[in-house]
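Here the structure comes first, spelled out in structure tokens, and everything after it is commentary.
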Amino acid sequence: MSAVDMRVRIGDLELRNPVMTASGTFGSGREYAEFVDLSRLGAVVTKGVSIEPWSGNESPRIAETPCGMLNSIGLQNPGVEAFCANDLAWLAAQDVPVIVNVVGHSVDEYAAVAAQLDSEPVVSALEVNISCPNVDAGGMAFGTTCAAAAEVTRAVRAETRKTLVVKLSPNVTDIAEIARAVEAEGADGVSLINTLLGMAIDTRTFAPKLARGVGGLSGPAIRPVAVRMVWEVARAVAVPVIGMGGVTCAEDAAEFMLAGAAAVAVGTANFVEPSATLSVIDGLERFCAERGIARVAELTGAAWPERGKRET
Amino acid sequence: MTCGAHRPAVEKATVAANDRMARGVGVVTLKAPATAAAIAPGQFVHLRIAEGADFILRRPFSVYRAHGGHLEILYQVVGVGTRALSEAAPGTAMDLIGPLGRGWWVPEGAAHALLVAGGLGVAPMGMLVECLAQRGVAVTLAHGAPTSERLLARELFEANCRRVELATDDGSAGACGFVTALSEEIIAADRPDVIYACGPEPMQRTVAAQATAAGVPCQVSLERLMACGIGACLSCVVSTRDGRKRACVDGPVFDAADVLWEPSEDPEVRA
């Protein structure tokens, strides 16, 4: 069974398998160390990090919805300095590629965080978050127009030679267009989707369930939307796509890869089952072995019409 | 007493019993030997009530008592999760993560403790009262509920407390009124060495203010919506004098003096 080659590439970065964690659902990895042997993961993608500490939004910050959840955490984080001193220092002792999610209120803030992380050897790649729906300034505002997405990507690209991934928002009319814009500015890959803007109202109190009113929807409920967007983006750009949105098992991961993703991320499922990433990795290897697929990378885009239907 | 010394793990639990205690309130007994052996008073477990349902998140539950490889959890039916829990028959598999969080602690030299519980606020207090009794701490319990039927688990408390005072909203048992009227009198008359409070947040806040006024240390067990339960998702934050803390790992028990009860007290809240 171990005959399956699970390695995939994102830019210059080689991952031991295509399964990583979705930003914001896995802390900095340390919180999950009791449950997951981090060295088995393709990569750890950290929570979003800003130049200054951010305190996030007021509570309630989550609301459960059918087959999913809304969140409006608001990117609470201790700031890049404390992040490097504590989280990165701990991650440096772990045998796993580290991808740091970068957030900002302005282009300059994104660039400043990237510049600081560029000098950290433990950081394998940056994931520029232009898609968080839960902050007032910055966040998703940079991910909903091609010009703004391109500007942030250009500014971060100028500050780092590390692998650069841009995380895209689904809350747009044409996500492929945004993907092309960031690819043109030097992104080595794109990740999608971030959460879908949503809302839930308590019919008992007549008030929104989230303190901020609106939030981001995640979990299996959004998977079909995410698979569709991965399909569209992967066919529009040459750089690798990291697919995510409701991945809970190996078949879900395979579905994203068949749509065109080179790698996948597990998000909300980590809350349900802390070791979800490991069962996805093991299951994906089994999935390939059972079908005589020698390299997991062969799954990428295998559902595209030009590849022809698989004999079953 | 130190809490949270044991590392959390996923344990496959089985429902051993599930009994109705009052209207909409039950006690589920889970066979979970590893967690039962490790859990400390005031800690919680994160329960996956059902798989394959359209609600996917775990639910955090205080552990009321732990003995003989079993956990007892008091619950009130408030939504789809607790409804499914109330319908779980003996033999149902239900995995949990535990023990989690920072529980109650006993200050050095405490000889007299006051427990203040509002309604289901007794849920994290069973192990606490047993632990205090074993250590020779005299315990007074002030317990309030909407009606006498909802004054839960009176036998356990009567067996382990020096004194139990009751209050109900409808006067069907004990004093008619809020439990905070009882706590105010007891604090003034007896001056306990430590106060433990759990219940609706306005009640806890009132008890905390009474404790501060009397100069008595007070701990509160706070309830928050929670996704991961292990410190990663930042859903369950509590505003404190030391910034926003996670109820799942920095709590659920907090020193009441550290808690900022009003959003206006929290410097992190933008005007």
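Labels used: A, B, ... for chains in the order of the structure tokens, numbers from 1 for residues in each chain, and numbers from 1 for ligands as shown.
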
Within 6 Å of chain B: residues of chain A, using only C-alpha atoms, as a list in words: Thr25, Phe26, Gly27, Glu31, Arg61, Pro66, Cys67, Phe271 and Val272 of chain A

Output the selection as a tab-separated table (two decimals), in the first residue's frame - N, CA and C atoms for each residue.
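Output (result28.tsv):
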chain	number	residue	atom	x	y	z
A	25	THR	N	-8.11	27.11	11.87
A	25	THR	CA	-8.78	25.95	12.45
A	25	THR	C	-7.81	25.04	13.20
A	26	PHE	N	-6.54	25.44	13.25
A	26	PHE	CA	-5.52	24.52	13.78
A	26	PHE	C	-4.54	25.27	14.69
A	27	GLY	N	-4.93	26.49	15.11
A	27	GLY	CA	-4.01	27.30	15.91
A	27	GLY	C	-2.70	27.43	15.19
A	31	GLU	N	-1.65	23.47	19.56
A	31	GLU	CA	-2.90	23.11	20.24
A	31	GLU	C	-3.34	21.69	19.90
A	61	ARG	N	-19.09	34.44	18.83
A	61	ARG	CA	-18.28	34.44	17.62
A	61	ARG	C	-18.61	33.28	16.68
A	66	PRO	N	-26.85	24.24	9.51
A	66	PRO	CA	-26.92	22.87	8.99
A	66	PRO	C	-25.63	22.43	8.28
A	67	CYS	N	-25.05	21.35	8.76
A	67	CYS	CA	-23.81	20.79	8.20
A	67	CYS	C	-22.69	21.82	8.11
A	271	PHE	N	-12.28	20.60	14.18
A	271	PHE	CA	-13.04	20.88	15.41
A	271	PHE	C	-13.86	19.66	15.81
A	272	VAL	N	-14.33	18.94	14.80
A	272	VAL	CA	-15.19	17.79	15.05
A	272	VAL	C	-14.33	16.60	15.50

Who sits within 9 Å of range 128-133 of chain A, only C-alpha atoms, same chain under 6 positions skipped, as a ChimeraX atom specification: /A:48,72,74-75,100-104,110,114,139-144,149,152-153,156,164-171,193-197,214-216

Requested write-out: N, CA and C atoms of the selected residues, as a short mmCIF file (atom, residue, chain, number, x, y, z; two decimals), in the first residue's frame:
data_model
loop_
_atom_site.label_atom_id
_atom_site.label_comp_id
_atom_site.auth_asym_id
_atom_site.auth_seq_id
_atom_site.Cartn_x
_atom_site.Cartn_y
_atom_site.Cartn_z
N GLY A 48 -4.06 33.39 11.13
CA GLY A 48 -3.61 34.64 10.53
C GLY A 48 -2.78 35.47 11.49
N SER A 72 -17.20 34.43 13.31
CA SER A 72 -16.70 35.80 13.13
C SER A 72 -15.67 36.05 14.22
N GLY A 74 -12.64 37.18 13.79
CA GLY A 74 -12.03 38.49 13.59
C GLY A 74 -10.52 38.48 13.67
N LEU A 75 -9.92 37.33 13.36
CA LEU A 75 -8.45 37.23 13.24
C LEU A 75 -7.70 37.64 14.50
N VAL A 100 2.65 30.29 6.90
CA VAL A 100 2.07 31.28 7.79
C VAL A 100 1.06 32.12 7.03
N ASN A 101 -0.14 32.21 7.61
CA ASN A 101 -1.21 33.01 7.03
C ASN A 101 -1.00 34.47 7.45
N VAL A 102 -0.99 35.37 6.47
CA VAL A 102 -0.66 36.78 6.70
C VAL A 102 -1.90 37.65 6.49
N VAL A 103 -2.19 38.52 7.46
CA VAL A 103 -3.34 39.41 7.35
C VAL A 103 -2.90 40.86 7.58
N GLY A 104 -3.72 41.78 7.15
CA GLY A 104 -3.41 43.20 7.35
C GLY A 104 -4.61 44.08 7.11
N TYR A 110 0.40 44.17 5.29
CA TYR A 110 0.71 42.85 4.72
C TYR A 110 2.20 42.75 4.41
N ALA A 114 5.11 40.23 5.94
CA ALA A 114 5.86 39.37 5.03
C ALA A 114 7.37 39.59 5.17
N GLY A 139 -8.67 42.62 5.01
CA GLY A 139 -9.33 41.32 4.87
C GLY A 139 -9.91 41.14 3.49
N MET A 140 -11.20 40.82 3.47
CA MET A 140 -11.85 40.46 2.22
C MET A 140 -11.87 41.60 1.21
N ALA A 141 -11.76 42.84 1.72
CA ALA A 141 -11.80 43.98 0.81
C ALA A 141 -10.70 43.87 -0.25
N PHE A 142 -9.58 43.23 0.12
CA PHE A 142 -8.48 43.08 -0.83
C PHE A 142 -8.69 41.91 -1.79
N GLY A 143 -9.66 41.10 -1.48
CA GLY A 143 -9.84 39.89 -2.28
C GLY A 143 -11.01 39.94 -3.23
N THR A 144 -11.69 41.08 -3.28
CA THR A 144 -12.91 41.13 -4.09
C THR A 144 -12.76 41.97 -5.36
N ALA A 149 -6.37 42.85 -5.15
CA ALA A 149 -5.71 41.56 -4.95
C ALA A 149 -4.31 41.60 -5.57
N VAL A 152 -1.87 43.84 -3.34
CA VAL A 152 -1.37 43.17 -2.14
C VAL A 152 -0.33 42.10 -2.53
N THR A 153 -0.63 41.33 -3.55
CA THR A 153 0.29 40.27 -3.97
C THR A 153 1.64 40.86 -4.40
N VAL A 156 3.61 42.03 -1.29
CA VAL A 156 4.16 40.92 -0.50
C VAL A 156 5.28 40.23 -1.29
N LEU A 164 4.87 31.75 -2.20
CA LEU A 164 3.80 32.69 -1.90
C LEU A 164 2.47 32.16 -2.44
N VAL A 165 1.55 31.94 -1.51
CA VAL A 165 0.21 31.46 -1.85
C VAL A 165 -0.76 32.59 -1.49
N VAL A 166 -1.76 32.80 -2.30
CA VAL A 166 -2.78 33.80 -1.99
C VAL A 166 -4.11 33.09 -1.77
N LYS A 167 -4.72 33.38 -0.61
CA LYS A 167 -5.99 32.72 -0.27
C LYS A 167 -7.17 33.58 -0.73
N LEU A 168 -8.00 32.98 -1.58
CA LEU A 168 -9.03 33.73 -2.29
C LEU A 168 -10.39 33.65 -1.61
N SER A 169 -11.15 34.70 -1.83
CA SER A 169 -12.51 34.77 -1.29
C SER A 169 -13.51 34.22 -2.29
N PRO A 170 -14.49 33.46 -1.80
CA PRO A 170 -15.56 32.99 -2.69
C PRO A 170 -16.65 34.05 -2.87
N ASN A 171 -16.52 35.16 -2.13
CA ASN A 171 -17.60 36.16 -2.15
C ASN A 171 -17.39 37.15 -3.29
N ILE A 193 -11.53 27.57 -0.89
CA ILE A 193 -12.09 28.89 -0.67
C ILE A 193 -11.99 29.26 0.81
N ASN A 194 -11.95 30.57 1.07
CA ASN A 194 -12.19 31.05 2.42
C ASN A 194 -13.70 30.91 2.67
N THR A 195 -14.16 31.36 3.81
CA THR A 195 -15.57 31.15 4.16
C THR A 195 -16.50 32.00 3.30
N LEU A 196 -17.70 31.50 3.16
CA LEU A 196 -18.76 32.22 2.45
C LEU A 196 -19.48 33.13 3.42
N LEU A 197 -19.68 34.37 3.03
CA LEU A 197 -20.37 35.31 3.90
C LEU A 197 -21.80 34.81 4.18
N VAL A 214 -22.88 39.37 10.73
CA VAL A 214 -22.52 38.45 9.66
C VAL A 214 -21.23 37.70 10.01
N GLY A 215 -21.03 36.59 9.33
CA GLY A 215 -19.82 35.82 9.57
C GLY A 215 -19.52 34.95 8.36
N GLY A 216 -18.56 34.04 8.52
CA GLY A 216 -18.14 33.19 7.42
C GLY A 216 -18.62 31.77 7.63
#

Residues flagged helix (DSSP H, G or I) by DSSP in range 81-294 of chain A, as number ranges by chain: A: 81-91, 107-118, 139-143, 146-157, 175-184, 220-234, 250-259, 269-272, 276-290

Please save C-alpha atoms of the selected residues as a CSV table (one decimal), in the first residue's frame.
chain,number,residue,atom,x,y,z
A,81,GLU,CA,6.5,39.6,17.0
A,82,ALA,CA,4.9,37.4,19.7
A,83,PHE,CA,4.0,34.9,17.0
A,84,CYS,CA,7.6,34.5,16.0
A,85,ALA,CA,8.8,34.4,19.6
A,86,ASN,CA,6.3,31.8,20.7
A,87,ASP,CA,4.5,29.9,18.0
A,88,LEU,CA,7.3,29.8,15.4
A,89,ALA,CA,9.9,29.0,18.0
A,90,TRP,CA,7.8,25.9,18.9
A,91,LEU,CA,7.2,25.0,15.3
A,107,VAL,CA,-1.1,46.9,1.9
A,108,ASP,CA,1.7,48.2,4.0
A,109,GLU,CA,0.7,46.0,6.9
A,110,TYR,CA,0.7,42.9,4.7
A,111,ALA,CA,4.1,43.8,3.3
A,112,ALA,CA,5.5,44.5,6.8
A,113,VAL,CA,4.5,41.1,8.1
A,114,ALA,CA,5.9,39.4,5.0
A,115,ALA,CA,9.2,41.2,5.4
A,116,GLN,CA,9.5,40.0,9.0
A,117,LEU,CA,8.6,36.4,8.2
A,118,ASP,CA,11.0,36.3,5.3
A,139,GLY,CA,-9.3,41.3,4.9
A,140,MET,CA,-11.9,40.5,2.2
A,141,ALA,CA,-11.8,44.0,0.8
A,142,PHE,CA,-8.5,43.1,-0.8
A,143,GLY,CA,-9.8,39.9,-2.3
A,146,CYS,CA,-8.6,42.2,-9.2
A,147,ALA,CA,-6.7,45.5,-8.7
A,148,ALA,CA,-6.6,45.3,-4.9
A,149,ALA,CA,-5.7,41.6,-5.0
A,150,ALA,CA,-2.9,42.3,-7.4
A,151,GLU,CA,-1.6,45.2,-5.3
A,152,VAL,CA,-1.4,43.2,-2.1
A,153,THR,CA,0.3,40.3,-4.0
A,154,ARG,CA,2.8,42.6,-5.6
A,155,ALA,CA,3.7,44.2,-2.3
A,156,VAL,CA,4.2,40.9,-0.5
A,157,ARG,CA,6.1,39.4,-3.4
A,175,ILE,CA,-13.0,33.9,-8.7
A,176,ALA,CA,-11.0,32.8,-11.7
A,177,GLU,CA,-10.4,36.4,-12.7
A,178,ILE,CA,-9.0,37.2,-9.2
A,179,ALA,CA,-6.8,34.1,-9.4
A,180,ARG,CA,-5.3,35.2,-12.7
A,181,ALA,CA,-4.6,38.6,-11.3
A,182,VAL,CA,-2.6,37.3,-8.3
A,183,GLU,CA,-0.8,34.8,-10.5
A,184,ALA,CA,0.3,37.6,-12.8
A,220,PRO,CA,-19.5,20.3,4.6
A,221,ALA,CA,-22.4,22.7,3.7
A,222,ILE,CA,-20.0,24.7,1.4
A,223,ARG,CA,-18.2,21.9,-0.2
A,224,PRO,CA,-20.1,21.9,-3.5
A,225,VAL,CA,-19.4,25.6,-3.9
A,226,ALA,CA,-15.8,25.1,-3.1
A,227,VAL,CA,-15.3,22.2,-5.5
A,228,ARG,CA,-16.9,24.3,-8.3
A,229,MET,CA,-14.6,27.2,-7.6
A,230,VAL,CA,-11.5,25.0,-7.5
A,231,TRP,CA,-12.6,23.6,-10.8
A,232,GLU,CA,-12.9,27.1,-12.3
A,233,VAL,CA,-9.7,28.4,-10.9
A,234,ALA,CA,-7.5,25.4,-11.7
A,250,ALA,CA,-10.4,11.0,1.9
A,251,GLU,CA,-13.2,11.0,-0.7
A,252,ASP,CA,-13.8,14.7,-0.1
A,253,ALA,CA,-10.0,15.4,-0.6
A,254,ALA,CA,-10.0,13.3,-3.7
A,255,GLU,CA,-13.0,15.3,-5.0
A,256,PHE,CA,-11.0,18.5,-4.7
A,257,MET,CA,-8.0,17.0,-6.4
A,258,LEU,CA,-10.1,15.6,-9.2
A,259,ALA,CA,-11.5,19.1,-9.7
A,269,ALA,CA,-13.4,19.0,10.5
A,270,ASN,CA,-10.5,19.5,12.9
A,271,PHE,CA,-13.0,20.9,15.4
A,272,VAL,CA,-15.2,17.8,15.0
A,276,ALA,CA,-9.2,14.4,11.0
A,277,THR,CA,-6.1,15.4,9.0
A,278,LEU,CA,-4.5,12.0,9.6
A,279,SER,CA,-7.6,10.0,8.6
A,280,VAL,CA,-7.7,12.0,5.4
A,281,ILE,CA,-4.0,11.3,4.7
A,282,ASP,CA,-4.4,7.6,5.4
A,283,GLY,CA,-7.6,7.3,3.5
A,284,LEU,CA,-6.3,9.2,0.4
A,285,GLU,CA,-3.3,6.8,0.2
A,286,ARG,CA,-5.7,3.9,0.4
A,287,PHE,CA,-8.0,5.5,-2.2
A,288,CYS,CA,-5.1,5.6,-4.6
A,289,ALA,CA,-3.7,2.2,-3.8
A,290,GLU,CA,-7.1,0.5,-4.3

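As for CA of Gly171 in chain B and CA of Leu222 in chain B, they are spaced 26.9 Å apart.
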
For range 64-68 of chain B: contacts at 6 Å, only C-alpha atoms, fewer than 4 positions along chain excluded, given as a PyMOL selection string: chain B and resi 36+72-73+123-124+126-127

Nearest to Gly42 in chain B, chosen from B:Met21, B:Val63, B:Val137, B:Ala110, with only C-alpha atoms counted in the distances: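 Among the listed residues, B:Val63 lies closest to Gly42 in chain B.
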
Distance of CA of Pro252 in chain B from CA of His112 in chain B, expressed in Å to one decimal place: 22.6 Å

Residues near Cys161 in chain B, cut-off 7 Å, only C-alpha atoms, skip fewer than 6 positions along chain, as a ChimeraX atom specification: /B:138-141

Could you turn the residues from that selection into a file that holds C-alpha atoms, as a PDB file, in the first residue's frame?
ATOM      1  CA  ALA B 138     -17.150  23.180  55.436  1.00  0.00           C
ATOM      2  CA  VAL B 139     -19.476  23.810  52.508  1.00  0.00           C
ATOM      3  CA  THR B 140     -22.570  25.948  52.295  1.00  0.00           C
ATOM      4  CA  LEU B 141     -24.611  25.633  49.106  1.00  0.00           C
TER       5      LEU B 141
END

Can you list, as a PDB file with C-alpha atoms, in the first residue's frame, all residues belonging to range 36-157 of chain B that DSSP tags as strand (DSSP E or B)?
ATOM      1  CA  PHE B  44     -15.294  19.499  31.080  1.00  0.00           C
ATOM      2  CA  VAL B  45     -15.586  17.060  28.212  1.00  0.00           C
ATOM      3  CA  HIS B  46     -16.287  17.849  24.565  1.00  0.00           C
ATOM      4  CA  LEU B  47     -18.943  15.438  23.445  1.00  0.00           C
ATOM      5  CA  ARG B  59     -20.801  20.202  22.700  1.00  0.00           C
ATOM      6  CA  PRO B  60     -18.890  21.054  25.874  1.00  0.00           C
ATOM      7  CA  PHE B  61     -20.355  19.637  29.097  1.00  0.00           C
ATOM      8  CA  SER B  62     -19.203  20.070  32.666  1.00  0.00           C
ATOM      9  CA  ARG B  65     -19.402  13.512  39.058  1.00  0.00           C
ATOM     10  CA  ALA B  66     -16.814  10.904  38.083  1.00  0.00           C
ATOM     11  CA  HIS B  67     -16.668   7.536  39.782  1.00  0.00           C
ATOM     12  CA  HIS B  70     -18.147   6.601  34.690  1.00  0.00           C
ATOM     13  CA  LEU B  71     -18.918  10.277  34.145  1.00  0.00           C
ATOM     14  CA  GLU B  72     -22.222  11.868  35.107  1.00  0.00           C
ATOM     15  CA  ILE B  73     -23.297  14.888  33.084  1.00  0.00           C
ATOM     16  CA  LEU B  74     -26.286  17.071  33.887  1.00  0.00           C
ATOM     17  CA  TYR B  75     -27.889  18.631  30.844  1.00  0.00           C
ATOM     18  CA  GLN B  76     -30.821  20.778  29.894  1.00  0.00           C
ATOM     19  CA  ALA B  93     -21.457   5.104  21.480  1.00  0.00           C
ATOM     20  CA  MET B  94     -20.488   8.735  21.902  1.00  0.00           C
ATOM     21  CA  ASP B  95     -16.914   9.839  21.729  1.00  0.00           C
ATOM     22  CA  LEU B  96     -15.560  12.613  23.882  1.00  0.00           C
ATOM     23  CA  ILE B  97     -12.407  14.678  24.310  1.00  0.00           C
ATOM     24  CA  GLY B  98     -11.358  15.084  27.899  1.00  0.00           C
ATOM     25  CA  PRO B  99     -10.471  16.061  30.441  1.00  0.00           C
ATOM     26  CA  LEU B 100     -10.427  19.663  29.233  1.00  0.00           C
ATOM     27  CA  ARG B 102      -8.932  24.527  34.023  1.00  0.00           C
ATOM     28  CA  HIS B 112     -15.372  27.395  54.664  1.00  0.00           C
ATOM     29  CA  ALA B 113     -16.593  27.508  51.077  1.00  0.00           C
ATOM     30  CA  LEU B 114     -19.818  28.968  49.698  1.00  0.00           C
ATOM     31  CA  LEU B 115     -21.157  27.419  46.492  1.00  0.00           C
ATOM     32  CA  VAL B 116     -23.716  29.491  44.609  1.00  0.00           C
ATOM     33  CA  ALA B 117     -25.602  27.670  41.859  1.00  0.00           C
ATOM     34  CA  GLY B 118     -28.338  28.995  39.618  1.00  0.00           C
ATOM     35  CA  ALA B 138     -17.150  23.180  55.436  1.00  0.00           C
ATOM     36  CA  VAL B 139     -19.476  23.810  52.508  1.00  0.00           C
ATOM     37  CA  THR B 140     -22.570  25.948  52.295  1.00  0.00           C
ATOM     38  CA  LEU B 141     -24.611  25.633  49.106  1.00  0.00           C
ATOM     39  CA  ALA B 142     -27.006  28.310  47.936  1.00  0.00           C
ATOM     40  CA  HIS B 143     -29.051  26.859  45.117  1.00  0.00           C
ATOM     41  CA  GLY B 144     -31.709  28.676  43.149  1.00  0.00           C
ATOM     42  CA  ALA B 145     -34.011  27.445  40.402  1.00  0.00           C
TER      43      ALA B 145
END

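Interatomic distance, CA of Leu182 in chain B to CA of Thr206 in chain B: 11.7 Å.
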
Selection: 10 Å around Leu41 in chain A, only C-alpha atoms, excl. self and same-chain fewer than 6 positions, as a PyMOL selection string: chain A and resi 15-21+95-97+277-278+281
